[in-house]
$ cat protein_25.txt   # compact mmCIF, C-alpha atoms
# COMPACT_ATOMS: atom_id res chain seq x y z
CA MET O 1 101.25 71.59 21.33
CA SER O 2 100.26 70.47 17.82
CA GLU O 3 100.71 66.73 17.54
CA ARG O 4 101.96 64.77 14.54
CA ILE O 5 100.50 61.35 15.25
CA LEU O 6 101.04 57.82 13.97
CA LEU O 7 98.21 55.44 14.89
CA ILE O 8 98.96 51.71 14.58
CA GLY O 9 96.18 49.37 13.49
CA SER O 10 93.58 48.51 10.87
CA GLY O 11 90.31 47.56 12.59
CA GLY O 12 87.08 49.11 13.78
CA ARG O 13 88.73 50.20 17.01
CA GLU O 14 91.39 52.09 15.08
CA HIS O 15 88.77 53.66 12.81
CA ALA O 16 87.04 55.05 15.91
CA LEU O 17 90.35 56.24 17.38
CA ALA O 18 91.33 57.82 14.05
CA LYS O 19 88.08 59.76 13.86
CA ALA O 20 88.51 61.01 17.45
CA LEU O 21 92.17 61.93 16.98
CA ALA O 22 91.56 63.67 13.64
CA ALA O 23 88.79 65.76 15.23
CA SER O 24 91.09 66.91 18.06
CA ALA O 25 92.14 70.56 18.05
CA SER O 26 95.69 69.55 19.03
CA CYS O 27 96.09 67.15 16.08
CA ASP O 28 98.19 68.71 13.32
CA LYS O 29 98.53 65.60 11.13
CA LEU O 30 97.42 61.97 11.49
CA TRP O 31 98.82 58.91 9.76
CA VAL O 32 97.55 55.36 10.28
CA ALA O 33 99.52 52.18 9.59
CA PRO O 34 98.19 50.25 7.82
CA GLY O 35 94.64 51.56 8.17
CA ASN O 36 91.64 50.47 6.07
CA PRO O 37 89.27 52.03 3.49
CA GLY O 38 87.16 53.66 6.20
CA ILE O 39 90.14 55.04 8.09
CA ALA O 40 91.38 56.57 4.83
CA ARG O 41 88.48 59.04 5.13
CA GLU O 42 89.94 60.34 8.40
CA ALA O 43 93.70 60.16 7.90
CA GLU O 44 96.54 59.24 5.57
CA CYS O 45 97.06 55.47 5.52
CA VAL O 46 100.67 54.31 5.14
CA ALA O 47 102.26 50.94 4.44
CA VAL O 48 104.73 50.79 7.32
CA PRO O 49 105.78 47.21 8.27
CA ILE O 50 104.57 47.17 11.88
CA ALA O 51 106.45 43.99 12.79
CA ASP O 52 109.73 45.68 11.83
CA HIS O 53 110.24 47.93 14.84
CA ALA O 54 113.34 49.60 13.43
CA ALA O 55 111.44 50.47 10.24
CA VAL O 56 108.62 52.02 12.28
CA ALA O 57 111.13 54.13 14.23
CA ARG O 58 112.82 55.28 11.01
CA TRP O 59 109.48 56.28 9.52
CA CYS O 60 108.60 58.21 12.69
CA ARG O 61 111.91 60.11 12.55
CA GLU O 62 111.44 60.94 8.88
CA HIS O 63 107.92 62.29 9.49
CA ARG O 64 108.74 64.10 12.76
CA ILE O 65 106.15 62.15 14.73
CA THR O 66 105.44 63.52 18.21
CA LEU O 67 103.02 60.80 19.40
CA VAL O 68 102.50 57.14 18.54
CA VAL O 69 99.20 55.50 19.50
CA ILE O 70 99.23 51.68 19.37
CA GLY O 71 95.77 50.16 18.88
CA PRO O 72 96.09 46.33 18.72
CA GLU O 73 97.46 43.96 21.33
CA GLN O 74 99.97 42.09 19.14
CA PRO O 75 102.44 44.99 18.61
CA LEU O 76 102.27 45.74 22.35
CA ALA O 77 103.00 42.11 23.22
CA GLU O 78 105.93 42.17 20.80
CA GLY O 79 107.48 45.27 22.43
CA LEU O 80 106.92 47.94 19.78
CA SER O 81 106.28 50.59 22.43
CA ASP O 82 109.61 49.81 24.14
CA HIS O 83 111.56 50.15 20.88
CA LEU O 84 109.91 53.48 20.05
CA ARG O 85 110.41 54.89 23.55
CA GLU O 86 114.06 53.92 23.39
CA GLY O 87 114.18 55.92 20.15
CA GLY O 88 112.88 59.00 21.92
CA PHE O 89 109.22 58.88 20.86
CA ASP O 90 106.21 59.45 23.13
CA VAL O 91 103.98 56.37 22.98
CA PHE O 92 100.41 55.85 24.15
CA GLY O 93 100.54 52.12 24.86
CA PRO O 94 102.13 49.99 27.60
CA SER O 95 105.56 48.40 27.60
CA GLN O 96 105.97 44.75 26.68
CA ALA O 97 106.30 43.92 30.38
CA ALA O 98 103.11 45.78 31.29
CA ALA O 99 101.24 44.34 28.29
CA ARG O 100 101.63 40.88 29.84
CA ILE O 101 98.44 41.79 31.69
CA GLU O 102 96.76 40.77 28.42
CA SER O 103 99.30 38.59 26.63
CA SER O 104 99.33 36.08 29.52
CA LYS O 105 96.10 35.28 31.35
CA GLY O 106 98.13 33.40 33.97
CA PHE O 107 100.40 36.39 34.59
CA SER O 108 97.34 38.61 34.94
CA LYS O 109 95.61 36.29 37.41
CA ASP O 110 98.78 35.97 39.51
CA LEU O 111 99.14 39.77 39.52
CA MET O 112 95.56 40.20 40.72
CA GLN O 113 96.10 37.61 43.44
CA ARG O 114 99.24 39.36 44.68
CA HIS O 115 97.47 42.71 44.95
CA GLY O 116 94.11 41.60 46.32
CA ILE O 117 92.06 42.46 43.25
CA PRO O 118 88.69 40.67 43.14
CA THR O 119 88.54 37.95 40.48
CA ALA O 120 87.43 34.32 40.11
CA PRO O 121 89.41 31.53 41.80
CA TYR O 122 91.74 29.85 39.30
CA ARG O 123 94.64 27.56 38.51
CA ARG O 124 97.12 28.06 35.69
CA PHE O 125 98.76 25.27 33.75
CA ASP O 126 101.91 25.67 31.65
CA ALA O 127 102.46 24.35 28.14
CA ASP O 128 103.88 21.06 29.46
CA GLN O 129 101.05 20.40 31.95
CA ARG O 130 98.37 19.04 29.64
CA ASP O 131 97.58 15.95 31.71
CA GLU O 132 97.27 17.99 34.92
CA ALA O 133 94.99 20.52 33.20
CA VAL O 134 92.71 17.82 31.78
CA ALA O 135 92.48 16.10 35.17
CA TYR O 136 91.68 19.40 36.90
CA ALA O 137 88.97 20.24 34.35
CA ALA O 138 87.48 16.77 34.75
CA GLN O 139 86.87 17.27 38.46
CA HIS O 140 85.99 20.99 38.52
CA PRO O 141 82.33 21.87 39.24
CA THR O 142 80.47 23.31 36.25
CA PRO O 143 79.97 25.79 34.77
CA VAL O 144 83.71 26.37 34.50
CA VAL O 145 85.76 28.77 32.37
CA VAL O 146 88.71 27.59 30.28
CA LYS O 147 91.04 30.27 28.92
CA TYR O 148 93.99 29.99 26.58
CA ASP O 149 96.90 31.66 28.38
CA GLY O 150 98.15 33.70 25.41
CA LEU O 151 96.63 36.02 22.83
CA ALA O 152 93.71 34.58 20.86
CA ALA O 153 92.00 37.57 19.20
CA GLY O 154 89.22 37.57 21.79
CA LYS O 155 88.23 33.97 21.05
CA GLY O 156 90.34 31.96 23.50
CA VAL O 157 87.66 31.60 26.20
CA VAL O 158 85.22 28.73 26.61
CA VAL O 159 82.45 28.80 29.22
CA ALA O 160 81.86 25.08 29.67
CA ALA O 161 78.43 24.02 30.94
CA THR O 162 79.47 20.37 31.29
CA THR O 163 82.58 18.45 32.27
CA ASP O 164 82.87 17.02 28.75
CA GLU O 165 82.86 20.55 27.30
CA ALA O 166 85.56 21.62 29.75
CA VAL O 167 87.82 18.65 28.98
CA THR O 168 87.30 19.15 25.23
CA ALA O 169 88.18 22.85 25.50
CA VAL O 170 91.38 22.10 27.40
CA SER O 171 92.35 19.40 24.89
CA GLN O 172 91.73 21.65 21.89
CA MET O 173 93.80 24.44 23.38
CA TYR O 174 96.68 22.05 24.02
CA ASP O 175 96.28 20.75 20.46
CA GLY O 176 97.39 24.19 19.32
CA VAL O 177 94.16 25.75 18.05
CA PHE O 178 95.45 29.14 19.28
CA GLY O 179 99.16 28.50 19.83
CA THR O 180 101.53 26.73 22.20
CA ASP O 181 100.82 28.43 25.54
CA GLY O 182 99.11 26.76 28.48
CA VAL O 183 95.66 27.37 29.95
CA VAL O 184 93.96 28.97 32.90
CA ILE O 185 90.94 27.24 34.42
CA GLU O 186 88.77 29.36 36.67
CA GLY O 187 85.45 29.45 38.45
CA PHE O 188 82.40 30.89 36.73
CA LEU O 189 81.36 34.39 37.76
CA PHE O 190 77.64 35.21 37.79
CA GLY O 191 76.23 38.63 36.94
CA GLN O 192 76.33 41.11 34.06
CA GLU O 193 79.47 41.88 32.09
CA ALA O 194 80.67 45.44 31.53
CA SER O 195 83.81 47.21 30.38
CA VAL O 196 85.56 50.23 31.90
CA PHE O 197 88.46 51.93 30.13
CA ALA O 198 91.03 53.87 32.15
CA ILE O 199 93.46 56.26 30.47
CA CYS O 200 96.67 55.89 32.52
CA ASP O 201 100.03 57.68 32.73
CA GLY O 202 101.63 55.09 35.02
CA THR O 203 100.40 56.75 38.21
CA ARG O 204 97.26 58.77 37.52
CA TYR O 205 94.21 57.75 35.50
CA VAL O 206 90.79 58.85 34.31
CA THR O 207 87.89 56.53 33.47
CA LEU O 208 85.73 56.88 30.37
CA ALA O 209 82.07 55.92 29.87
CA PRO O 210 81.31 52.33 30.94
CA ALA O 211 80.20 50.07 28.10
CA GLN O 212 78.70 46.62 27.62
CA ASP O 213 79.93 44.32 24.85
CA HIS O 214 78.01 41.37 23.37
CA LYS O 215 80.53 38.57 22.89
CA ARG O 216 78.38 35.68 21.67
CA ILE O 217 77.52 35.34 18.00
CA GLY O 218 73.77 34.83 18.55
CA ASP O 219 70.86 36.71 20.05
CA GLY O 220 70.28 36.06 23.74
CA ASP O 221 74.01 35.48 24.26
CA THR O 222 73.95 32.12 22.47
CA GLY O 223 76.55 30.41 20.29
CA LYS O 224 80.31 30.80 20.16
CA ASN O 225 82.40 33.61 21.59
CA THR O 226 83.54 36.24 19.11
CA GLY O 227 85.66 39.37 19.16
CA GLY O 228 82.43 41.27 19.91
CA MET O 229 79.11 41.58 18.03
CA GLY O 230 78.04 45.00 19.31
CA ALA O 231 78.18 47.35 22.27
CA TYR O 232 76.52 50.33 23.87
CA ALA O 233 77.48 53.09 26.28
CA PRO O 234 76.94 54.17 28.93
CA ALA O 235 76.07 50.84 30.58
CA PRO O 236 73.62 51.46 33.46
CA VAL O 237 74.81 48.31 35.28
CA VAL O 238 77.92 50.36 36.14
CA THR O 239 76.32 52.65 38.69
CA ASP O 240 78.20 55.45 40.41
CA ASP O 241 78.78 53.12 43.37
CA VAL O 242 80.06 50.30 41.14
CA LEU O 243 82.42 52.73 39.41
CA ARG O 244 83.76 53.87 42.80
CA GLN O 245 84.50 50.23 43.64
CA VAL O 246 86.17 49.68 40.26
CA ARG O 247 88.43 52.63 40.93
CA SER O 248 89.31 51.88 44.55
CA LYS O 249 89.42 48.06 44.51
CA ILE O 250 90.62 47.35 40.97
CA ILE O 251 92.29 50.16 39.04
CA GLU O 252 94.17 51.87 41.86
CA PRO O 253 95.68 48.74 43.46
CA LEU O 254 96.56 47.40 40.01
CA LEU O 255 98.37 50.57 38.90
CA ALA O 256 100.16 50.81 42.26
CA GLY O 257 101.16 47.15 42.09
CA MET O 258 102.47 47.35 38.53
CA ARG O 259 104.41 50.50 39.36
CA ALA O 260 105.91 48.86 42.47
CA GLU O 261 106.91 45.78 40.48
CA GLY O 262 108.77 47.89 37.93
CA TYR O 263 106.45 48.00 34.91
CA PRO O 264 104.09 50.99 35.27
CA PHE O 265 101.09 50.95 32.97
CA VAL O 266 100.89 53.74 30.39
CA GLY O 267 98.03 53.62 27.91
CA CYS O 268 94.45 52.36 27.95
CA LEU O 269 93.71 49.81 30.68
CA PHE O 270 90.67 47.75 29.69
CA CYS O 271 88.85 46.36 32.73
CA GLY O 272 86.54 43.51 31.72
CA LEU O 273 84.16 43.14 34.64
CA MET O 274 81.41 40.91 35.99
CA ILE O 275 78.97 42.78 38.21
CA ASP O 276 76.84 40.74 40.62
CA SER O 277 74.44 42.54 42.97
CA GLY O 278 76.40 45.76 42.63
CA VAL O 279 79.81 44.18 43.30
CA PRO O 280 82.41 44.12 40.48
CA SER O 281 85.01 41.40 39.87
CA VAL O 282 87.59 41.22 37.09
CA VAL O 283 86.98 38.78 34.25
CA GLU O 284 90.09 39.95 32.40
CA PHE O 285 92.32 42.93 31.76
CA ASN O 286 93.39 44.06 28.31
CA ALA O 287 96.30 46.34 27.55
CA ARG O 288 94.45 48.45 24.96
CA PHE O 289 91.04 49.71 23.92
CA GLY O 290 88.32 47.12 23.32
CA ASP O 291 86.54 46.48 20.06
CA PRO O 292 83.63 47.29 19.55
CA GLU O 293 83.40 49.19 22.85
CA THR O 294 85.77 51.89 21.60
CA GLN O 295 83.31 52.83 18.89
CA VAL O 296 80.60 53.73 21.42
CA VAL O 297 82.87 55.13 24.14
CA MET O 298 84.45 57.55 21.65
CA SER O 299 80.99 58.48 20.38
CA VAL O 300 79.94 59.79 23.80
CA LEU O 301 83.31 61.31 24.75
CA ASP O 302 83.66 65.09 24.39
CA ALA O 303 87.40 65.69 24.60
CA ASP O 304 90.60 66.63 22.81
CA VAL O 305 91.58 62.98 22.53
CA ALA O 306 94.99 63.70 20.99
CA ALA O 307 95.93 65.97 23.89
CA LEU O 308 94.59 63.44 26.42
CA PHE O 309 96.63 60.57 24.97
CA ALA O 310 99.74 62.74 24.61
CA SER O 311 99.57 63.86 28.24
CA ALA O 312 99.29 60.24 29.42
CA ALA O 313 102.17 59.17 27.16
CA ARG O 314 104.34 61.90 28.71
CA GLY O 315 103.55 60.87 32.29
CA ALA O 316 101.47 63.96 33.09
CA LEU O 317 97.82 63.02 32.56
CA ASP O 318 95.74 66.15 31.90
CA ASP O 319 92.06 65.47 32.50
CA SER O 320 91.21 69.09 31.65
CA THR O 321 91.35 67.88 28.04
CA ILE O 322 88.02 66.12 28.75
CA ARG O 323 84.83 68.19 28.68
CA SER O 324 82.51 65.21 29.29
CA THR O 325 82.97 61.44 29.31
CA VAL O 326 79.24 60.77 28.85
CA ASN O 327 77.63 63.00 26.24
CA GLY O 328 74.37 61.19 25.41
CA ALA O 329 74.38 57.50 24.46
CA ALA O 330 75.65 55.32 21.63
CA CYS O 331 74.94 51.87 20.17
CA ASN O 332 77.15 49.76 17.88
CA VAL O 333 75.91 46.79 15.82
CA VAL O 334 78.55 44.61 14.18
CA LEU O 335 77.84 43.22 10.71
CA ALA O 336 79.78 39.98 10.28
CA SER O 337 80.52 37.53 7.49
CA GLY O 338 78.37 34.40 7.40
CA GLY O 339 80.16 31.56 9.18
CA TYR O 340 82.07 33.82 11.60
CA PRO O 341 83.66 33.08 14.09
CA ASP O 342 84.47 29.90 12.15
CA ALA O 343 85.30 29.73 8.44
CA TYR O 344 83.85 32.50 6.26
CA GLN O 345 84.21 33.81 2.72
CA LYS O 346 85.81 37.10 1.72
CA GLY O 347 85.40 39.40 -1.24
CA LYS O 348 81.64 40.06 -0.97
CA VAL O 349 80.64 43.47 -2.34
CA ILE O 350 79.29 45.89 0.28
CA THR O 351 76.59 48.44 -0.55
CA GLY O 352 74.50 50.98 1.35
CA ILE O 353 77.05 52.67 3.63
CA GLU O 354 76.37 56.10 2.14
CA GLN O 355 72.64 55.66 2.71
CA ALA O 356 73.26 54.49 6.30
CA GLU O 357 75.38 57.56 7.01
CA ALA O 358 72.71 59.90 5.63
CA ASP O 359 71.74 60.14 9.30
CA PRO O 360 74.35 62.59 10.67
CA GLN O 361 74.34 60.72 13.99
CA VAL O 362 75.48 57.46 12.34
CA THR O 363 79.06 56.41 11.60
CA VAL O 364 79.86 53.12 9.87
CA TYR O 365 83.23 51.97 11.18
CA HIS O 366 85.26 49.65 8.96
CA ALA O 367 86.68 46.54 10.63
CA GLY O 368 87.25 43.98 7.87
CA THR O 369 86.97 45.72 4.50
CA ALA O 370 89.13 46.19 1.42
CA GLU O 371 88.92 47.95 -1.92
CA VAL O 372 89.17 45.67 -4.97
CA ASP O 373 88.73 46.98 -8.53
CA GLY O 374 86.92 50.04 -7.25
CA PHE O 375 84.48 48.07 -5.09
CA LEU O 376 84.34 47.93 -1.29
CA VAL O 377 84.41 44.25 -0.29
CA THR O 378 84.51 42.12 2.85
CA SER O 379 87.95 41.00 4.04
CA GLY O 380 87.35 39.82 7.61
CA GLY O 381 84.99 38.07 9.99
CA ARG O 382 83.71 41.26 11.55
CA VAL O 383 83.18 43.59 8.61
CA LEU O 384 81.49 46.80 9.79
CA GLY O 385 80.43 48.43 13.06
CA VAL O 386 77.30 50.51 12.54
CA THR O 387 77.34 53.08 15.34
CA ALA O 388 74.71 55.67 16.22
CA ALA O 389 74.62 58.41 18.84
CA ASP O 390 71.56 60.01 20.39
CA GLU O 391 70.46 61.82 23.53
CA THR O 392 68.98 58.53 24.79
CA LEU O 393 70.03 54.90 24.52
CA LYS O 394 66.65 53.98 23.02
CA GLY O 395 67.16 56.58 20.31
CA ALA O 396 70.72 55.40 19.61
CA VAL O 397 69.54 51.78 19.24
CA GLN O 398 66.74 52.79 16.86
CA ARG O 399 69.11 54.87 14.73
CA ALA O 400 71.71 52.08 14.61
CA TYR O 401 69.27 49.41 13.45
CA ALA O 402 67.66 51.76 10.92
CA ALA O 403 71.15 52.27 9.47
CA VAL O 404 71.88 48.52 9.52
CA GLU O 405 68.88 47.96 7.25
CA GLN O 406 70.49 50.17 4.59
CA ILE O 407 73.65 48.05 4.31
CA SER O 408 73.97 44.72 2.54
CA PHE O 409 76.53 42.13 1.47
CA GLU O 410 76.15 38.41 0.78
CA GLY O 411 76.03 36.35 3.97
CA ASN O 412 75.68 39.38 6.27
CA VAL O 413 74.83 38.38 9.87
CA TYR O 414 74.24 40.50 12.98
CA ARG O 415 72.57 40.39 16.36
CA THR O 416 69.17 42.02 16.76
CA ASP O 417 69.32 42.46 20.54
CA ILE O 418 72.20 44.87 21.20
CA ALA O 419 71.48 46.89 24.39
CA ARG O 420 68.22 45.02 25.04
CA LYS O 421 69.28 44.23 28.61
CA ALA O 422 69.65 47.91 29.38
CA LEU O 423 66.42 48.89 27.64
CA ASP O 424 64.45 46.12 29.39
CA ALA O 425 65.88 47.16 32.75
$ encode --input "protein_25.txt" --output "structure tokens"
Amino acid sequence: MSERILLIGSGGREHALAKALAASASCDKLWVAPGNPGIAREAECVAVPIADHAAVARWCREHRITLVVIGPEQPLAEGLSDHLREGGFDVFGPSQAAARIESSKGFSKDLMQRHGIPTAPYRRFDADQRDEAVAYAAQHPTPVVVKYDGLAAGKGVVVAATTDEAVTAVSQMYDGVFGTDGVVIEGFLFGQEASVFAICDGTRYVTLAPAQDHKRIGDGDTGKNTGGMGAYAPAPVVTDDVLRQVRSKIIEPLLAGMRAEGYPFVGCLFCGLMIDSGVPSVVEFNARFGDPETQVVMSVLDADVAALFASAARGALDDSTIRSTVNGAACNVVLASGGYPDAYQKGKVITGIEQAEADPQVTVYHAGTAEVDGFLVTSGGRVLGVTAADETLKGAVQRAYAAVEQISFEGNVYRTDIARKALDA
């Protein structure tokens, strides 16, 4: 079947998905709403008001859309997939009920507890339980992890090394720095982080290449948490045995539990893991692809991605659409605006992308860019994701950093140690 596809989103993740979808033999036409200047090279960008679900459905009817792919978490949390399914459209993305696995950390932890999925011990505190949360943080052994219960663009997690840090984090979250939800306080998990994506049709699933993100702003995993400063795939910490455990102890009981509770998961299940001595535990689940992991996972995936997503959306996952989930290696280095993840300036002119992409194995994914008066300028905290593929991880890292050196904009910051853990190991 030839698919007429609407992809929702505007970031680096959506740029990577747009490139993969556009390259699929089964893709007849691809639109992206709203898209960005980089995505415009892959597809037709359209100004559809995503928050207006009825308007999205009308646009889909007018353009005879056969598949909608929802990239970001916010439209999923707001129920866009439900509205479109009710209108008769096939959607790759979970229902609002299933998306609670990301939109509420407390819901997710309770779900894991009910179904015996390995994760850190925790307590959740509602919006009206500030005093109880502060008191609990004050007596919890450190290090301790404080999480905002709701969506926080990947920034609502504080790993507190001291009791004062923990109490401050709880207080700031209740002061409304992210919103008006409560918090989850949980024990610290030791080990190495990794991400595994599972493409799910509600019952069946297939896993893609494991990746490792770099959340902290600074080299050596120092400084504040961000939405992600770079990634690589495949991540060797996810051995074949670890992946077997992820499937049997995490993904399968989760999918079975969600199905039994009446909200089967259809879409991309993001498993954020901590792996300690070959044993995985869940740090968090997301209800969509990760960013910047998607950029590297798609770079090593050899598949008809449009057909894969469509089969999952229709409840009949077809893994024959995948030729290989690990075709070489890839490295992504995020170029961010100075000051990120705190206050930063916008409107800085970007140069050098064409020179960076002179290497045919390099793609510069746009995350926070805009076109102003004919110039490409910065418009976000994370601006670009410079991604390189190669037969080896070492080669991919070298290509990525060689490309990074070609790109410049005022205040540009990036990490210099993406994938170093894997290369050192």
$ closest_residue --input "protein_25.txt" --among "O:Val300, O:Ala152, O:Met173, O:Val372" --to "Ala20 in chain O" --atoms "all atoms listed in the file"
O:Val300
$ atom_distance --input "protein_25.txt" --atom1 "CA of Asn225 in chain O" --atom2 "CA of Gly380 in chain O"
16.1 Å
$ closest_residue --input "protein_25.txt" --among "O:Cys200, O:Ala43, O:Leu84, O:Val383" --to "Val266 in chain O" --atoms "all atoms listed in the file"
O:Cys200
$ residues_around --input "protein_25.txt" --residues "Asp221 in chain O" --least-positions-apart "6" --cutoff "12 Å" --atoms "only C-alpha atoms" --output "short mmCIF file (atom, residue, chain, number, x, y, z; two decimals) with C-alpha atoms, in the frame of the given file"
data_model
loop_
_atom_site.label_atom_id
_atom_site.label_comp_id
_atom_site.auth_asym_id
_atom_site.auth_seq_id
_atom_site.Cartn_x
_atom_site.Cartn_y
_atom_site.Cartn_z
CA VAL O 159 82.45 28.80 29.22
CA GLN O 192 76.33 41.11 34.06
CA GLU O 193 79.47 41.88 32.09
CA ASP O 213 79.93 44.32 24.85
CA HIS O 214 78.01 41.37 23.37
CA LYS O 215 80.53 38.57 22.89
CA GLY O 228 82.43 41.27 19.91
CA MET O 229 79.11 41.58 18.03
CA GLY O 230 78.04 45.00 19.31
CA ARG O 415 72.57 40.39 16.36
CA THR O 416 69.17 42.02 16.76
CA ASP O 417 69.32 42.46 20.54
CA ILE O 418 72.20 44.87 21.20
CA ALA O 419 71.48 46.89 24.39
CA ARG O 420 68.22 45.02 25.04
CA LYS O 421 69.28 44.23 28.61
#
$ residues_around --input "protein_25.txt" --residues "Thr162 in chain O" --least-positions-apart "4" --cutoff "7 Å" --atoms "only C-alpha atoms" --output "list in words"
Thr142, Pro143 and Ala166 of chain O
$ closest_atom_pairs --input "protein_25.txt" --of "range 151-244 of chain O" --to "range 385-398 of chain O" --cutoff "12 Å" --atoms "only C-alpha atoms" --output "Markdown table"
| residue | atom | partner | partner_atom | distance |
| --- | --- | --- | --- | --- |
| O:Ala211 | CA | O:Leu393 | CA | 11.8 |
| O:Gly228 | CA | O:Gly385 | CA | 10.1 |
| O:Met229 | CA | O:Gly385 | CA | 8.6 |
| O:Gly230 | CA | O:Gly385 | CA | 7.5 |
| O:Ala231 | CA | O:Thr387 | CA | 9.0 |
| O:Tyr232 | CA | O:Leu393 | CA | 8.0 |
| O:Ala233 | CA | O:Leu393 | CA | 7.9 |
| O:Pro234 | CA | O:Leu393 | CA | 8.2 |
| O:Ala235 | CA | O:Leu393 | CA | 9.5 |
| O:Pro236 | CA | O:Leu393 | CA | 10.2 |
$ atom_distance --input "protein_25.txt" --atom1 "CA of Asn36 in chain O" --atom2 "CA of Ile350 in chain O"
14.4 Å
$ atom_distance --input "protein_25.txt" --atom1 "CA of Lys348 in chain O" --atom2 "CA of Phe409 in chain O"
6.0 Å
$ residues_around --input "protein_25.txt" --residues "Ile322 in chain O" --least-positions-apart "2" --cutoff "9 Å" --atoms "all atoms listed in the file" --output "list of chain:residue names"
O:Leu301, O:Asp302, O:Ala303, O:Asp304, O:Val305, O:Leu308, O:Asp318, O:Asp319, O:Ser320, O:Ser324, O:Thr325
$ residues_around --input "protein_25.txt" --residues "Gln96 in chain O" --least-positions-apart "5" --cutoff "8 Å" --atoms "all atoms listed in the file" --output "VMD selection string"
chain O and resid 76 to 82
$ write_last_selection --input "protein_25.txt" --atoms "C-alpha atoms" --output "mmCIF file, in the frame of the given file"
data_model
loop_
_atom_site.group_PDB
_atom_site.id
_atom_site.type_symbol
_atom_site.label_atom_id
_atom_site.label_comp_id
_atom_site.auth_asym_id
_atom_site.auth_seq_id
_atom_site.Cartn_x
_atom_site.Cartn_y
_atom_site.Cartn_z
ATOM 1 C CA LEU O 76 102.270 45.740 22.350
ATOM 2 C CA ALA O 77 103.000 42.110 23.220
ATOM 3 C CA GLU O 78 105.930 42.170 20.800
ATOM 4 C CA GLY O 79 107.480 45.270 22.430
ATOM 5 C CA LEU O 80 106.920 47.940 19.780
ATOM 6 C CA SER O 81 106.280 50.590 22.430
ATOM 7 C CA ASP O 82 109.610 49.810 24.140
#
$ closest_residue --input "protein_25.txt" --among "O:Ser379, O:Ser277, O:Val46, O:His366" --to "Gln295 in chain O" --atoms "all atoms listed in the file"
O:His366
$ residues_around --input "protein_25.txt" --residues "range 180-189 of chain O" --least-positions-apart "4" --cutoff "9 Å" --atoms "only C-alpha atoms" --output "MDAnalysis selection string"
chainID O and resid 104:106 109 119:130 133 136:137 140:150 159 170 173:176 274:276 281 283
$ closest_residue --input "protein_25.txt" --among "O:Tyr340, O:Phe190, O:Tyr414, O:Phe178" --to "Pro280 in chain O" --atoms "all atoms listed in the file"
O:Phe190
$ closest_residue --input "protein_25.txt" --among "O:Leu7, O:Ile217, O:Ala316, O:Ile39" --to "Asp342 in chain O" --atoms "all atoms listed in the file"
O:Ile217
$ closest_residue --input "protein_25.txt" --among "O:Val32, O:Ala194, O:Ala16, O:Ala98" --to "Ser299 in chain O" --atoms "all atoms listed in the file"
O:Ala16
$ residues_near_point --input "protein_25.txt" --point "(94.8, 62.9, 11.0)" --cutoff "9 Å" --atoms "all atoms listed in the file" --output "MDAnalysis selection string"
chainID O and resid 4:6 18:19 21:24 27:32 42:44
$ write_last_selection --input "protein_25.txt" --atoms "C-alpha atoms" --output "short mmCIF file (atom, residue, chain, number, x, y, z; two decimals), in the frame of the given file"
data_model
loop_
_atom_site.label_atom_id
_atom_site.label_comp_id
_atom_site.auth_asym_id
_atom_site.auth_seq_id
_atom_site.Cartn_x
_atom_site.Cartn_y
_atom_site.Cartn_z
CA ARG O 4 101.96 64.77 14.54
CA ILE O 5 100.50 61.35 15.25
CA LEU O 6 101.04 57.82 13.97
CA ALA O 18 91.33 57.82 14.05
CA LYS O 19 88.08 59.76 13.86
CA LEU O 21 92.17 61.93 16.98
CA ALA O 22 91.56 63.67 13.64
CA ALA O 23 88.79 65.76 15.23
CA SER O 24 91.09 66.91 18.06
CA CYS O 27 96.09 67.15 16.08
CA ASP O 28 98.19 68.71 13.32
CA LYS O 29 98.53 65.60 11.13
CA LEU O 30 97.42 61.97 11.49
CA TRP O 31 98.82 58.91 9.76
CA VAL O 32 97.55 55.36 10.28
CA GLU O 42 89.94 60.34 8.40
CA ALA O 43 93.70 60.16 7.90
CA GLU O 44 96.54 59.24 5.57
#
$ residues_near_point --input "protein_25.txt" --point "(82.5, 49.2, 44.0)" --cutoff "8 Å" --atoms "all atoms listed in the file" --output "PyMOL selection string"
chain O and resi 241-249+278-280
$ decode --input "protein_25.txt" --residues "range 235-241 of chain O" --atoms "N, CA and C atoms" --output "short mmCIF file (atom, residue, chain, number, x, y, z; two decimals), in the first residue's frame"
data_model
loop_
_atom_site.label_atom_id
_atom_site.label_comp_id
_atom_site.auth_asym_id
_atom_site.auth_seq_id
_atom_site.Cartn_x
_atom_site.Cartn_y
_atom_site.Cartn_z
N ALA O 235 24.54 0.65 21.39
CA ALA O 235 25.21 0.79 22.67
C ALA O 235 25.66 -0.58 23.16
N PRO O 236 26.97 -0.83 23.26
CA PRO O 236 27.45 -2.17 23.62
C PRO O 236 27.06 -2.61 25.03
N VAL O 237 26.67 -1.65 25.90
CA VAL O 237 26.24 -2.04 27.25
C VAL O 237 24.98 -2.89 27.19
N VAL O 238 24.20 -2.75 26.10
CA VAL O 238 23.02 -3.59 25.91
C VAL O 238 23.46 -4.82 25.13
N THR O 239 23.95 -5.80 25.86
CA THR O 239 24.38 -7.06 25.25
C THR O 239 23.16 -7.87 24.82
N ASP O 240 23.41 -8.96 24.11
CA ASP O 240 22.29 -9.83 23.72
C ASP O 240 21.54 -10.32 24.93
N ASP O 241 22.26 -10.64 26.01
CA ASP O 241 21.60 -11.14 27.23
C ASP O 241 20.78 -10.03 27.89
#
